[in-house]
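Source file work39.pdb; content: PDB, C-alpha atoms and all ligand atoms.
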ATOM      1  CA  MET A   1     148.574 128.273  62.420
ATOM      2  CA  LYS A   2     151.487 130.698  62.294
ATOM      3  CA  LEU A   3     154.013 130.904  65.121
ATOM      4  CA  ILE A   4     156.643 133.333  66.313
ATOM      5  CA  ASP A   5     158.477 131.948  69.354
ATOM      6  CA  LEU A   6     160.670 134.591  70.987
ATOM      7  CA  HIS A   7     163.019 132.161  72.735
ATOM      8  CA  GLU A   8     164.332 128.662  71.992
ATOM      9  CA  ASP A   9     167.756 127.519  73.170
ATOM     10  CA  MET A  10     168.777 125.758  69.972
ATOM     11  CA  GLY A  11     172.365 126.975  69.939
ATOM     12  CA  VAL A  12     173.588 125.480  73.180
ATOM     13  CA  THR A  13     171.402 122.379  72.821
ATOM     14  CA  SER A  14     173.003 121.700  69.426
ATOM     15  CA  GLN A  15     176.272 121.057  71.232
ATOM     16  CA  ARG A  16     174.829 117.944  72.879
ATOM     17  CA  ALA A  17     171.711 116.860  70.960
ATOM     18  CA  ASP A  18     170.128 116.716  67.507
ATOM     19  CA  ILE A  19     167.717 119.634  67.245
ATOM     20  CA  ILE A  20     167.052 118.888  63.580
ATOM     21  CA  SER A  21     164.734 116.008  64.269
ATOM     22  CA  SER A  22     164.956 114.419  67.688
ATOM     23  CA  THR A  23     164.984 116.812  70.645
ATOM     24  CA  GLU A  24     161.758 116.338  72.566
ATOM     25  CA  GLN A  25     160.608 119.840  73.520
ATOM     26  CA  SER A  26     161.180 121.305  70.072
ATOM     27  CA  ASN A  27     162.968 120.380  66.875
ATOM     28  CA  LEU A  28     163.006 121.655  63.311
ATOM     29  CA  ARG A  29     160.875 118.801  62.002
ATOM     30  CA  GLU A  30     158.046 119.632  64.438
ATOM     31  CA  ILE A  31     158.396 123.359  63.778
ATOM     32  CA  SER A  32     158.057 122.767  60.019
ATOM     33  CA  ARG A  33     154.513 121.478  60.607
ATOM     34  CA  PHE A  34     153.324 125.023  61.362
ATOM     35  CA  GLU A  35     151.858 127.000  58.473
ATOM     36  CA  ASP A  36     154.621 129.539  59.044
ATOM     37  CA  ALA A  37     157.208 129.884  61.803
ATOM     38  CA  VAL A  38     159.817 132.351  62.990
ATOM     39  CA  ILE A  39     161.864 131.092  65.922
ATOM     40  CA  PHE A  40     164.287 133.237  67.875
ATOM     41  CA  GLY A  41     167.313 130.942  67.742
ATOM     42  CA  VAL A  42     169.221 131.754  70.881
ATOM     43  CA  CYS A  43     172.987 131.794  71.363
ATOM     44  CA  PHE A  44     173.794 131.195  74.997
ATOM     45  CA  PRO A  45     177.519 131.229  75.588
ATOM     46  CA  HIS A  46     177.962 129.578  78.955
ATOM     47  CA  ILE A  47     179.262 131.471  81.906
ATOM     48  CA  SER A  48     182.065 129.956  83.934
ATOM     49  CA  VAL A  49     181.605 129.372  87.639
ATOM     50  CA  VAL A  50     184.180 131.851  88.842
ATOM     51  CA  ASN A  51     183.114 132.905  92.302
ATOM     52  CA  ASP A  52     180.989 132.074  95.329
ATOM     53  CA  ARG A  53     178.067 134.138  94.079
ATOM     54  CA  ALA A  54     177.926 132.082  90.893
ATOM     55  CA  GLU A  55     177.938 128.883  92.928
ATOM     56  CA  GLU A  56     175.258 130.219  95.247
ATOM     57  CA  LEU A  57     172.999 131.095  92.301
ATOM     58  CA  SER A  58     173.784 127.791  90.703
ATOM     59  CA  LYS A  59     172.555 125.898  93.786
ATOM     60  CA  GLN A  60     169.579 128.167  94.408
ATOM     61  CA  TYR A  61     168.211 128.108  90.872
ATOM     62  CA  GLY A  62     169.699 124.889  89.555
ATOM     63  CA  HIS A  63     171.690 126.512  86.772
ATOM     64  CA  PRO A  64     173.272 124.138  84.280
ATOM     65  CA  ALA A  65     176.895 123.092  84.486
ATOM     66  CA  ARG A  66     179.030 125.638  82.722
ATOM     67  CA  SER A  67     181.612 125.405  80.027
ATOM     68  CA  THR A  68     185.231 126.386  80.456
ATOM     69  CA  VAL A  69     185.429 127.400  76.772
ATOM     70  CA  PRO A  70     186.017 131.156  76.340
ATOM     71  CA  LEU A  71     182.609 132.778  75.922
ATOM     72  CA  TRP A  72     183.370 134.457  72.590
ATOM     73  CA  ASP A  73     184.532 131.124  71.103
ATOM     74  CA  ASP A  74     181.418 129.455  72.455
ATOM     75  CA  LEU A  75     179.270 132.114  70.770
ATOM     76  CA  MET A  76     181.083 131.608  67.446
ATOM     77  CA  GLU A  77     180.442 127.845  67.613
ATOM     78  CA  GLN A  78     176.730 128.442  68.102
ATOM     79  CA  LEU A  79     176.550 130.977  65.252
ATOM     80  CA  LYS A  80     178.384 128.508  63.013
ATOM     81  CA  PHE A  81     175.790 125.887  63.854
ATOM     82  CA  TYR A  82     172.955 128.210  62.787
ATOM     83  CA  LYS A  83     174.794 128.947  59.535
ATOM     84  CA  TYR A  84     175.114 125.187  59.002
ATOM     85  CA  LEU A  85     171.339 124.795  59.314
ATOM     86  CA  GLU A  86     170.868 127.508  56.715
ATOM     87  CA  ARG A  87     173.433 125.946  54.354
ATOM     88  CA  LYS A  88     171.588 122.640  54.661
ATOM     89  CA  GLY A  89     168.406 124.377  53.503
ATOM     90  CA  LEU A  90     166.607 123.608  56.771
ATOM     91  CA  VAL A  91     166.022 127.224  57.818
ATOM     92  CA  SER A  92     166.573 130.730  56.580
ATOM     93  CA  ILE A  93     168.074 133.352  58.848
ATOM     94  CA  VAL A  94     166.122 136.600  59.194
ATOM     95  CA  LYS A  95     168.279 139.650  58.506
ATOM     96  CA  ASN A  96     165.758 142.166  57.142
ATOM     97  CA  HIS A  97     162.066 142.435  57.814
ATOM     98  CA  SER A  98     161.289 141.281  54.283
ATOM     99  CA  ASP A  99     162.966 137.916  55.063
ATOM    100  CA  ILE A 100     159.904 137.106  57.156
ATOM    101  CA  MET A 101     158.002 136.587  53.898
ATOM    102  CA  LYS A 102     160.315 133.726  52.821
ATOM    103  CA  GLN A 103     158.917 130.208  52.710
ATOM    104  CA  GLY A 104     159.708 127.675  55.423
ATOM    105  CA  THR A 105     161.117 127.923  58.935
ATOM    106  CA  LYS A 106     162.942 131.131  59.730
ATOM    107  CA  LEU A 107     165.346 131.771  62.582
ATOM    108  CA  LEU A 108     166.030 135.169  64.073
ATOM    109  CA  LEU A 109     169.372 134.891  65.832
ATOM    110  CA  SER A 110     169.418 136.209  69.372
ATOM    111  CA  LEU A 111     172.095 136.506  72.054
ATOM    112  CA  GLU A 112     171.156 135.686  75.657
ATOM    113  CA  GLY A 113     173.359 137.763  77.960
ATOM    114  CA  THR A 114     176.148 140.172  77.067
ATOM    115  CA  ASP A 115     178.813 138.459  79.195
ATOM    116  CA  CYS A 116     180.697 137.438  76.038
ATOM    117  CA  LEU A 117     180.978 140.976  74.614
ATOM    118  CA  ARG A 118     184.341 142.616  75.144
ATOM    119  CA  ASP A 119     182.893 146.081  74.512
ATOM    120  CA  PRO A 120     179.698 147.527  72.967
ATOM    121  CA  PHE A 121     181.317 147.694  69.518
ATOM    122  CA  ASP A 122     181.328 143.893  69.283
ATOM    123  CA  LEU A 123     177.655 144.333  68.388
ATOM    124  CA  TYR A 124     178.700 145.646  64.958
ATOM    125  CA  LEU A 125     180.558 142.370  64.305
ATOM    126  CA  LEU A 126     177.668 140.280  65.553
ATOM    127  CA  HIS A 127     175.248 142.178  63.332
ATOM    128  CA  ASP A 128     177.442 141.292  60.339
ATOM    129  CA  LEU A 129     177.300 137.651  61.456
ATOM    130  CA  GLY A 130     173.501 137.717  61.386
ATOM    131  CA  LEU A 131     172.555 138.399  65.002
ATOM    132  CA  ARG A 132     169.395 140.515  65.237
ATOM    133  CA  ALA A 133     168.407 140.460  68.925
ATOM    134  CA  VAL A 134     170.435 141.040  72.063
ATOM    135  CA  GLY A 135     169.417 140.068  75.597
ATOM    136  CA  LEU A 136     171.189 142.397  78.019
ATOM    137  CA  THR A 137     171.800 139.897  80.798
ATOM    138  CA  TRP A 138     171.355 136.318  81.832
ATOM    139  CA  ASN A 139     171.298 135.720  85.587
ATOM    140  CA  TYR A 140     174.572 137.524  86.298
ATOM    141  CA  ASP A 141     175.286 141.242  86.275
ATOM    142  CA  THR A 142     177.338 142.374  83.294
ATOM    143  CA  LYS A 143     179.413 145.458  82.598
ATOM    144  CA  PHE A 144     176.428 146.770  80.641
ATOM    145  CA  ALA A 145     173.452 146.084  82.887
ATOM    146  CA  ALA A 146     172.212 144.669  86.204
ATOM    147  CA  ALA A 147     170.372 141.333  86.161
ATOM    148  CA  ALA A 148     167.072 140.430  87.855
ATOM    149  CA  MET A 149     169.073 138.469  90.443
ATOM    150  CA  SER A 150     171.479 141.335  91.131
ATOM    151  CA  ARG A 151     172.227 142.304  94.726
ATOM    152  CA  LYS A 152     172.667 145.935  93.708
ATOM    153  CA  ASP A 153     170.360 147.092  90.953
ATOM    154  CA  TYR A 154     172.501 149.676  89.135
ATOM    155  CA  GLY A 155     170.423 149.566  85.935
ATOM    156  CA  LEU A 156     172.306 150.359  82.717
ATOM    157  CA  THR A 157     175.965 151.428  82.930
ATOM    158  CA  GLY A 158     177.543 153.984  80.587
ATOM    159  CA  SER A 159     178.645 151.111  78.342
ATOM    160  CA  GLY A 160     175.090 149.770  78.551
ATOM    161  CA  VAL A 161     173.728 153.062  77.232
ATOM    162  CA  GLU A 162     176.193 152.795  74.347
ATOM    163  CA  LEU A 163     175.093 149.214  73.713
ATOM    164  CA  ILE A 164     171.415 150.232  73.422
ATOM    165  CA  GLU A 165     172.301 153.062  71.031
ATOM    166  CA  ILE A 166     174.332 150.719  68.826
ATOM    167  CA  ALA A 167     171.525 148.113  68.858
ATOM    168  CA  ASN A 168     168.982 150.799  67.895
ATOM    169  CA  SER A 169     171.069 152.207  65.063
ATOM    170  CA  ASN A 170     171.851 148.697  63.768
ATOM    171  CA  ASN A 171     168.218 147.528  63.703
ATOM    172  CA  MET A 172     168.768 144.918  66.431
ATOM    173  CA  ILE A 173     165.988 144.035  68.882
ATOM    174  CA  VAL A 174     166.792 144.775  72.548
ATOM    175  CA  ASP A 175     165.587 142.067  74.944
ATOM    176  CA  VAL A 176     165.206 142.727  78.696
ATOM    177  CA  ALA A 177     164.332 139.176  79.805
ATOM    178  CA  HIS A 178     166.483 138.371  82.885
ATOM    179  CA  ALA A 179     167.262 142.081  83.392
ATOM    180  CA  SER A 180     166.709 143.963  86.652
ATOM    181  CA  ARG A 181     163.875 146.414  87.184
ATOM    182  CA  ASN A 182     166.139 149.500  86.851
ATOM    183  CA  THR A 183     167.754 148.038  83.724
ATOM    184  CA  ILE A 184     164.304 147.621  82.192
ATOM    185  CA  ILE A 185     163.199 151.156  83.117
ATOM    186  CA  ASP A 186     166.507 152.675  81.868
ATOM    187  CA  THR A 187     166.415 150.686  78.635
ATOM    188  CA  CYS A 188     162.805 151.452  77.814
ATOM    189  CA  SER A 189     163.193 155.169  78.404
ATOM    190  CA  LEU A 190     166.341 155.258  76.239
ATOM    191  CA  SER A 191     165.417 152.975  73.341
ATOM    192  CA  ARG A 192     164.048 154.550  70.176
ATOM    193  CA  LYS A 193     162.693 151.169  69.054
ATOM    194  CA  PRO A 194     160.267 148.664  70.624
ATOM    195  CA  VAL A 195     161.832 146.616  73.450
ATOM    196  CA  ILE A 196     160.895 143.008  74.211
ATOM    197  CA  SER A 197     160.998 140.694  77.189
ATOM    198  CA  SER A 198     161.422 137.462  75.223
ATOM    199  CA  HIS A 199     160.706 134.989  78.034
ATOM    200  CA  GLY A 200     159.355 136.099  81.400
ATOM    201  CA  ASN A 201     156.037 136.122  83.227
ATOM    202  CA  ALA A 202     154.109 138.625  85.352
ATOM    203  CA  LYS A 203     154.744 139.308  89.052
ATOM    204  CA  GLY A 204     151.083 140.353  89.312
ATOM    205  CA  VAL A 205     150.155 136.684  88.827
ATOM    206  CA  PHE A 206     153.070 134.974  90.569
ATOM    207  CA  ASN A 207     155.805 136.612  92.585
ATOM    208  CA  HIS A 208     159.180 135.343  91.311
ATOM    209  CA  VAL A 209     162.469 137.226  90.958
ATOM    210  CA  ARG A 210     162.488 136.630  87.170
ATOM    211  CA  ASN A 211     158.954 137.926  86.619
ATOM    212  CA  LEU A 212     158.095 141.468  85.519
ATOM    213  CA  ASP A 213     156.408 143.916  87.890
ATOM    214  CA  ASP A 214     153.662 146.210  86.581
ATOM    215  CA  GLU A 215     155.979 149.173  86.144
ATOM    216  CA  SER A 216     158.371 147.110  84.009
ATOM    217  CA  ILE A 217     155.537 145.774  81.857
ATOM    218  CA  GLY A 218     154.199 149.335  81.486
ATOM    219  CA  ALA A 219     157.645 150.552  80.385
ATOM    220  CA  ILE A 220     157.955 147.800  77.745
ATOM    221  CA  VAL A 221     154.432 148.529  76.506
ATOM    222  CA  LYS A 222     155.242 152.225  76.164
ATOM    223  CA  THR A 223     158.014 151.385  73.671
ATOM    224  CA  GLY A 224     155.488 149.436  71.575
ATOM    225  CA  GLY A 225     157.181 146.174  72.558
ATOM    226  CA  VAL A 226     155.910 142.771  73.644
ATOM    227  CA  VAL A 227     156.098 140.509  76.692
ATOM    228  CA  GLY A 228     156.797 136.886  75.778
ATOM    229  CA  ILE A 229     154.984 134.667  78.264
ATOM    230  CA  THR A 230     157.086 131.617  78.972
ATOM    231  CA  GLY A 231     156.996 128.003  80.102
ATOM    232  CA  ILE A 232     159.665 128.289  82.818
ATOM    233  CA  MET A 233     158.099 126.209  85.614
ATOM    234  CA  SER A 234     159.339 128.127  88.656
ATOM    235  CA  THR A 235     157.950 131.430  87.329
ATOM    236  CA  LEU A 236     154.412 130.268  86.479
ATOM    237  CA  GLY A 237     152.856 129.313  89.809
ATOM    238  CA  LYS A 238     152.394 126.242  91.970
ATOM    239  CA  GLU A 239     152.007 122.977  90.014
ATOM    240  CA  PRO A 240     152.330 124.845  86.693
ATOM    241  CA  SER A 241     150.233 123.906  83.698
ATOM    242  CA  ILE A 242     149.343 125.359  80.308
ATOM    243  CA  ASP A 243     146.450 127.158  82.051
ATOM    244  CA  ASP A 244     148.942 129.163  84.122
ATOM    245  CA  MET A 245     150.518 130.378  80.874
ATOM    246  CA  VAL A 246     147.051 131.523  79.789
ATOM    247  CA  LYS A 247     146.631 133.293  83.170
ATOM    248  CA  HIS A 248     149.858 135.274  82.671
ATOM    249  CA  MET A 249     148.790 136.164  79.116
ATOM    250  CA  LEU A 250     145.365 137.319  80.328
ATOM    251  CA  TYR A 251     146.991 139.446  83.011
ATOM    252  CA  VAL A 252     149.240 141.288  80.543
ATOM    253  CA  GLY A 253     146.546 141.476  77.853
ATOM    254  CA  ASP A 254     143.693 142.680  80.037
ATOM    255  CA  ASN A 255     145.767 145.164  82.055
ATOM    256  CA  PHE A 256     148.213 146.460  79.450
ATOM    257  CA  GLY A 257     146.599 145.736  76.069
ATOM    258  CA  TRP A 258     146.515 142.662  73.853
ATOM    259  CA  ASP A 259     148.899 144.287  71.359
ATOM    260  CA  HIS A 260     151.691 143.550  73.810
ATOM    261  CA  VAL A 261     151.307 139.840  74.564
ATOM    262  CA  ALA A 262     153.518 137.256  72.852
ATOM    263  CA  LEU A 263     155.031 133.810  73.442
ATOM    264  CA  GLY A 264     158.627 132.850  74.293
ATOM    265  CA  THR A 265     158.560 129.173  75.192
ATOM    266  CA  ASP A 266     162.181 128.751  76.404
ATOM    267  CA  PHE A 267     161.981 125.241  74.972
ATOM    268  CA  LEU A 268     165.372 123.472  74.954
ATOM    269  CA  GLY A 269     166.424 125.803  77.770
ATOM    270  CA  ILE A 270     164.206 124.328  80.496
ATOM    271  CA  ASP A 271     164.504 120.960  82.215
ATOM    272  CA  ASP A 272     160.814 120.505  82.970
ATOM    273  CA  THR A 273     157.728 121.699  81.146
ATOM    274  CA  PRO A 274     154.296 122.808  82.373
ATOM    275  CA  ARG A 275     151.569 120.135  82.324
ATOM    276  CA  GLY A 276     149.864 120.291  78.933
ATOM    277  CA  PHE A 277     152.732 122.249  77.377
ATOM    278  CA  GLU A 278     155.381 119.584  76.951
ATOM    279  CA  SER A 279     156.469 120.374  73.396
ATOM    280  CA  ILE A 280     156.158 122.814  70.512
ATOM    281  CA  SER A 281     153.151 120.928  69.102
ATOM    282  CA  LYS A 282     151.215 121.983  72.238
ATOM    283  CA  VAL A 283     151.341 125.598  71.067
ATOM    284  CA  LYS A 284     148.188 124.636  69.164
ATOM    285  CA  ASP A 285     146.432 123.807  72.454
ATOM    286  CA  LEU A 286     147.539 127.135  73.875
ATOM    287  CA  ALA A 287     146.169 128.873  70.779
ATOM    288  CA  GLU A 288     142.849 127.103  71.228
ATOM    289  CA  LYS A 289     142.602 128.380  74.790
ATOM    290  CA  LEU A 290     143.285 131.927  73.568
ATOM    291  CA  GLY A 291     140.556 131.720  70.928
ATOM    292  CA  ASP A 292     140.264 134.925  68.891
ATOM    293  CA  ARG A 293     143.429 136.322  70.489
ATOM    294  CA  ALA A 294     145.684 133.508  69.283
ATOM    295  CA  ASP A 295     146.834 134.915  65.934
ATOM    296  CA  GLN A 296     147.564 138.283  67.519
ATOM    297  CA  VAL A 297     149.660 136.762  70.325
ATOM    298  CA  MET A 298     151.446 134.044  68.354
ATOM    299  CA  TRP A 299     152.056 136.028  65.176
ATOM    300  CA  GLN A 300     150.846 139.629  64.688
ATOM    301  CA  ASN A 301     152.305 141.261  67.807
ATOM    302  CA  PRO A 302     155.864 139.924  67.552
ATOM    303  CA  LEU A 303     155.732 140.426  63.775
ATOM    304  CA  ARG A 304     154.988 144.116  64.340
ATOM    305  CA  VAL A 305     158.080 144.469  66.546
ATOM    306  CA  ILE A 306     160.326 142.606  64.104
ATOM    307  CA  SER A 307     159.057 144.752  61.220
ATOM    308  CA  GLN A 308     159.583 147.993  63.129
ATOM    309  CA  VAL A 309     163.072 147.191  64.376
ATOM    310  CA  LEU A 310     164.476 145.381  61.332
ATOM    311  CA  HIS A 311     163.312 147.798  58.641
ATOM    312  CA  GLU A 312     166.042 148.607  56.083
TER
HETATM  313 ZN    ZN B 401     166.726 132.560  79.803
END
How would this structure read if it were set down as structure tokens?
Amino acid sequence: MKLIDLHEDMGVTSQRADIISSTEQSNLREISRFEDAVIFGVCFPHISVVNDRAEELSKQYGHPARSTVPLWDDLMEQLKFYKYLERKGLVSIVKNHSDIMKQGTKLLLSLEGTDCLRDPFDLYLLHDLGLRAVGLTWNYDTKFAAAAMSRKDYGLTGSGVELIEIANSNNMIVDVAHASRNTIIDTCSLSRKPVISSHGNAKGVFNHVRNLDDESIGAIVKTGGVVGITGIMSTLGKEPSIDDMVKHMLYVGDNFGWDHVALGTDFLGIDDTPRGFESISKVKDLAEKLGDRADQVMWQNPLRVISQVLHE
């Protein structure tokens, strides 16, 4: 089967483990067993614990320990690692939509959170370095957009508007996973290209601060985008299993249209995994449960978005 996974934390994991062949949730050797695979290779420059709010969130949601390395430097290290994988011949990095046709495992480089950007124009540099997707926030508010965990949902700022325009004109995918409701609504009404939520589930199935309410899903759908259902335990339901992932997919598919359902595992970014969905090889079990819908969800829908946004 063919797989597009909208979110795997390979960049930060590479700083402490071997994602080429030995990391348990996902590694390049396992991914190469798929007939074809495009993985969104995420860069996640850590955010320093700088204030009480950060500590509070850290305790509440069990955020990982954070680096004291400047965020921009951290991002460069992760991009260099992806380039290393390409130089080694292990992956090819997707820059244009035609790159999807290349043989072997492909990575589409994606930034999680804009905390490291000094201003919106940094996106031009990152595009030159191969980045093709930008997630507006992680769990903290940024100078561009409010996060899902914000205490004051101000949506997009003026700089955020500029950021979306630059992403659109540079053929970069805008990702609203982790963003607040107003950020999602603002972004979707502004963007001229399909918008994605790379890894987040539906509030209509399970009420969690990171999950998307119906209005947010509707806004993403209106752009022609996709919602990547994810394996993050706390957002799936009580005693989460692979069947809960199916439930979230059914909810989005049946209520908003099956053209808008996709998968973003968050493998290598989560500590625990749902029962029955412990590693990338279990995507096949998920596909089996989806039956006729599997190819559409795992391949066709995200492929459509990539093709539309990354056209030359
Ligand atoms: Zn995330």
message = If we count all atoms listed in the file and set the cut-off at 9 Å, which residues sit around A:Leu156, ignoring sequence neighbours fewer than 3 positions away in its own chain? Please answer as a count of residues only.
response = 12
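What the PyMOL selection byres (((not hetatm)) within 7 of (chain B and resi 401)) picks from this file is A:Glu112, A:Trp138, A:His178, A:His199, A:Asp266.
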All file atoms of stretch 122-127 of chain A boxed axis-aligned, 6 Å per side, centre plus edges, as lines of an AutoDock Vina configuration file:
center_x = 178.3
center_y = 143.0
center_z = 66.3
size_x = 18.1
size_y = 17.4
size_z = 18.0
Find the spatial neighbours of A:Gly41, counting only C-alpha atoms, within a cut-off of 9 Å - ignore same-chain residues fewer than 4 positions away - and output them as a PyMOL selection string.
-> chain A and resi 6-11+82+107-111
Just to be explicit: take each residue in the selection above, keep C-alpha atoms, and write the result as an mmCIF file, keeping the file's coordinate frame.
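As written to disk, selection.cif reads:
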data_model
loop_
_atom_site.group_PDB
_atom_site.id
_atom_site.type_symbol
_atom_site.label_atom_id
_atom_site.label_comp_id
_atom_site.auth_asym_id
_atom_site.auth_seq_id
_atom_site.Cartn_x
_atom_site.Cartn_y
_atom_site.Cartn_z
ATOM 1 C CA LEU A 6 160.670 134.591 70.987
ATOM 2 C CA HIS A 7 163.019 132.161 72.735
ATOM 3 C CA GLU A 8 164.332 128.662 71.992
ATOM 4 C CA ASP A 9 167.756 127.519 73.170
ATOM 5 C CA MET A 10 168.777 125.758 69.972
ATOM 6 C CA GLY A 11 172.365 126.975 69.939
ATOM 7 C CA TYR A 82 172.955 128.210 62.787
ATOM 8 C CA LEU A 107 165.346 131.771 62.582
ATOM 9 C CA LEU A 108 166.030 135.169 64.073
ATOM 10 C CA LEU A 109 169.372 134.891 65.832
ATOM 11 C CA SER A 110 169.418 136.209 69.372
ATOM 12 C CA LEU A 111 172.095 136.506 72.054
#
Fewer than 5 positions away in the same chain doesn't count, so skip those; otherwise give me all residues within 10 Å of A:Leu126, counting all atoms listed in the file, as a ChimeraX atom specification. /A:75-76,79,109-111,117,121,131-134
Per residue of stretch 181-259 of chain A within 10 Å of stretch 295-301 of chain A, record the nearest atom pair and its distance in Å to one decimal, counting only C-alpha atoms, with rows in chain order and ascending residue number, as a tab-separated table.
residue	atom	partner	partner_atom	distance
A:Gly224	CA	A:Asn301	CA	9.5
A:Gly225	CA	A:Asn301	CA	8.4
A:Val226	CA	A:Asn301	CA	7.0
A:Val227	CA	A:Asn301	CA	9.7
A:Gly228	CA	A:Val297	CA	9.0
A:Ile229	CA	A:Val297	CA	9.8
A:Met249	CA	A:Val297	CA	8.9
A:Gly253	CA	A:Val297	CA	9.4
A:Trp258	CA	A:Val297	CA	7.6
A:Asp259	CA	A:Asn301	CA	5.8
Separating atom CA of A:Val221 from atom CA of A:Pro194, to the nearest tenth of an Å, is a gap of 8.3 Å
- At a cut-off of 8 Å from (156.5, 134.7, 85.2) in the coordinates of the file, what residues are picked up using all atoms listed in the file, written as a PyMOL selection string? chain A and resi 200-203+205-208+210-212+229-230+232+234-237+248
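Against this structure, the PyMOL selection byres (((chain A and resi 14-26) around 7) and not hetatm) ends up with Met10, Gly11, Val12, Thr13, Asn27, Leu28, Arg29, Glu30, Phe267, Leu268, Glu278, Ser279 and Ile280 of chain A.
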Nearest residue to A:Lys152 from the set A:Lys80, A:Lys247, A:Leu90, A:Ser180 (distances using all atoms listed in the file)
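Nearest to A:Lys152: A:Ser180.
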- Using the chain letters and numbers from the file, which residues does the PyMOL selection byres (((chain A and resi 91) around 7) and not hetatm) grab, as JSON, numbers by chain? {"A": [85, 86, 89, 90, 92, 93, 104, 105, 106, 107]}
Pairwise distance, atom CA of A:Thr114 with atom CA of A:Val176, equals 11.4 Å
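Minimum atom-to-atom distances from A:Ile4, A:Gly269, A:Ala177, A:Ala147 to A:Phe44 were compared using all atoms listed in the file, and the lowest value belongs to A:Gly269.
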| Top pick for closest residue to A:Met245, considering A:Ile31, A:Ile166, A:Ile173, A:Ala262 and counting only C-alpha atoms |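 Result for the nearest residue to A:Met245: A:Ala262.
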Mind giving me the straight-line distance from atom CA of A:Leu290 to atom CA of A:Ser98 in Å, one decimal?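 Between atom CA of A:Leu290 and atom CA of A:Ser98 the gap works out to 28.0 Å.
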Using all atoms listed in the file, the shortest atom-to-atom distance to A:Glu288 among A:Ile164, A:Val174, A:Ile196, A:Ile242 belongs to A:Ile242
Residue with smallest distance to A:Ser216 - pool A:Met101, A:Cys116, A:Val195, A:Met233, counting only C-alpha atoms: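 Looking only at the distances to A:Ser216, the closest residue turns out to be A:Val195.
Nearest-residue note for A:Arg151: choosing from A:Leu123, A:Val261, A:Val209, A:Val252, the minimum distance belongs to A:Val209, counting only C-alpha atoms.
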Since the input lacks some atoms of stretch 146-161 of chain A, please model N, CA and C atoms and print them as a CSV table (one decimal), in the coordinates of the input.
chain,number,residue,atom,x,y,z
A,146,ALA,N,172.5,145.5,85.0
A,146,ALA,CA,172.2,144.7,86.2
A,146,ALA,C,171.2,143.6,85.8
A,147,ALA,N,171.3,142.4,86.4
A,147,ALA,CA,170.4,141.3,86.2
A,147,ALA,C,169.3,141.3,87.2
A,148,ALA,N,168.2,140.6,86.9
A,148,ALA,CA,167.1,140.4,87.9
A,148,ALA,C,167.5,139.9,89.2
A,149,MET,N,168.6,139.1,89.2
A,149,MET,CA,169.1,138.5,90.4
A,149,MET,C,170.2,139.3,91.1
A,150,SER,N,170.4,140.5,90.6
A,150,SER,CA,171.5,141.3,91.1
A,150,SER,C,171.3,141.7,92.6
A,151,ARG,N,172.4,141.9,93.3
A,151,ARG,CA,172.2,142.3,94.7
A,151,ARG,C,172.3,143.8,94.8
A,152,LYS,N,172.7,144.5,93.7
A,152,LYS,CA,172.7,145.9,93.7
A,152,LYS,C,172.2,146.4,92.3
A,153,ASP,N,171.0,146.8,92.3
A,153,ASP,CA,170.4,147.1,91.0
A,153,ASP,C,170.8,148.4,90.4
A,154,TYR,N,171.9,148.4,89.7
A,154,TYR,CA,172.5,149.7,89.1
A,154,TYR,C,172.0,150.0,87.8
A,155,GLY,N,171.0,149.3,87.3
A,155,GLY,CA,170.4,149.6,85.9
A,155,GLY,C,171.4,149.4,84.8
A,156,LEU,N,171.3,150.3,83.8
A,156,LEU,CA,172.3,150.4,82.7
A,156,LEU,C,173.6,151.1,83.1
A,157,THR,N,174.7,150.7,82.7
A,157,THR,CA,176.0,151.4,82.9
A,157,THR,C,176.2,152.3,81.7
A,158,GLY,N,177.2,153.1,81.8
A,158,GLY,CA,177.5,154.0,80.6
A,158,GLY,C,177.7,153.1,79.3
A,159,SER,N,178.4,152.0,79.5
A,159,SER,CA,178.6,151.1,78.3
A,159,SER,C,177.3,150.5,77.9
A,160,GLY,N,176.4,150.3,78.9
A,160,GLY,CA,175.1,149.8,78.6
A,160,GLY,C,174.3,150.7,77.7
A,161,VAL,N,174.4,152.0,78.0
A,161,VAL,CA,173.7,153.1,77.2
A,161,VAL,C,174.2,153.0,75.8
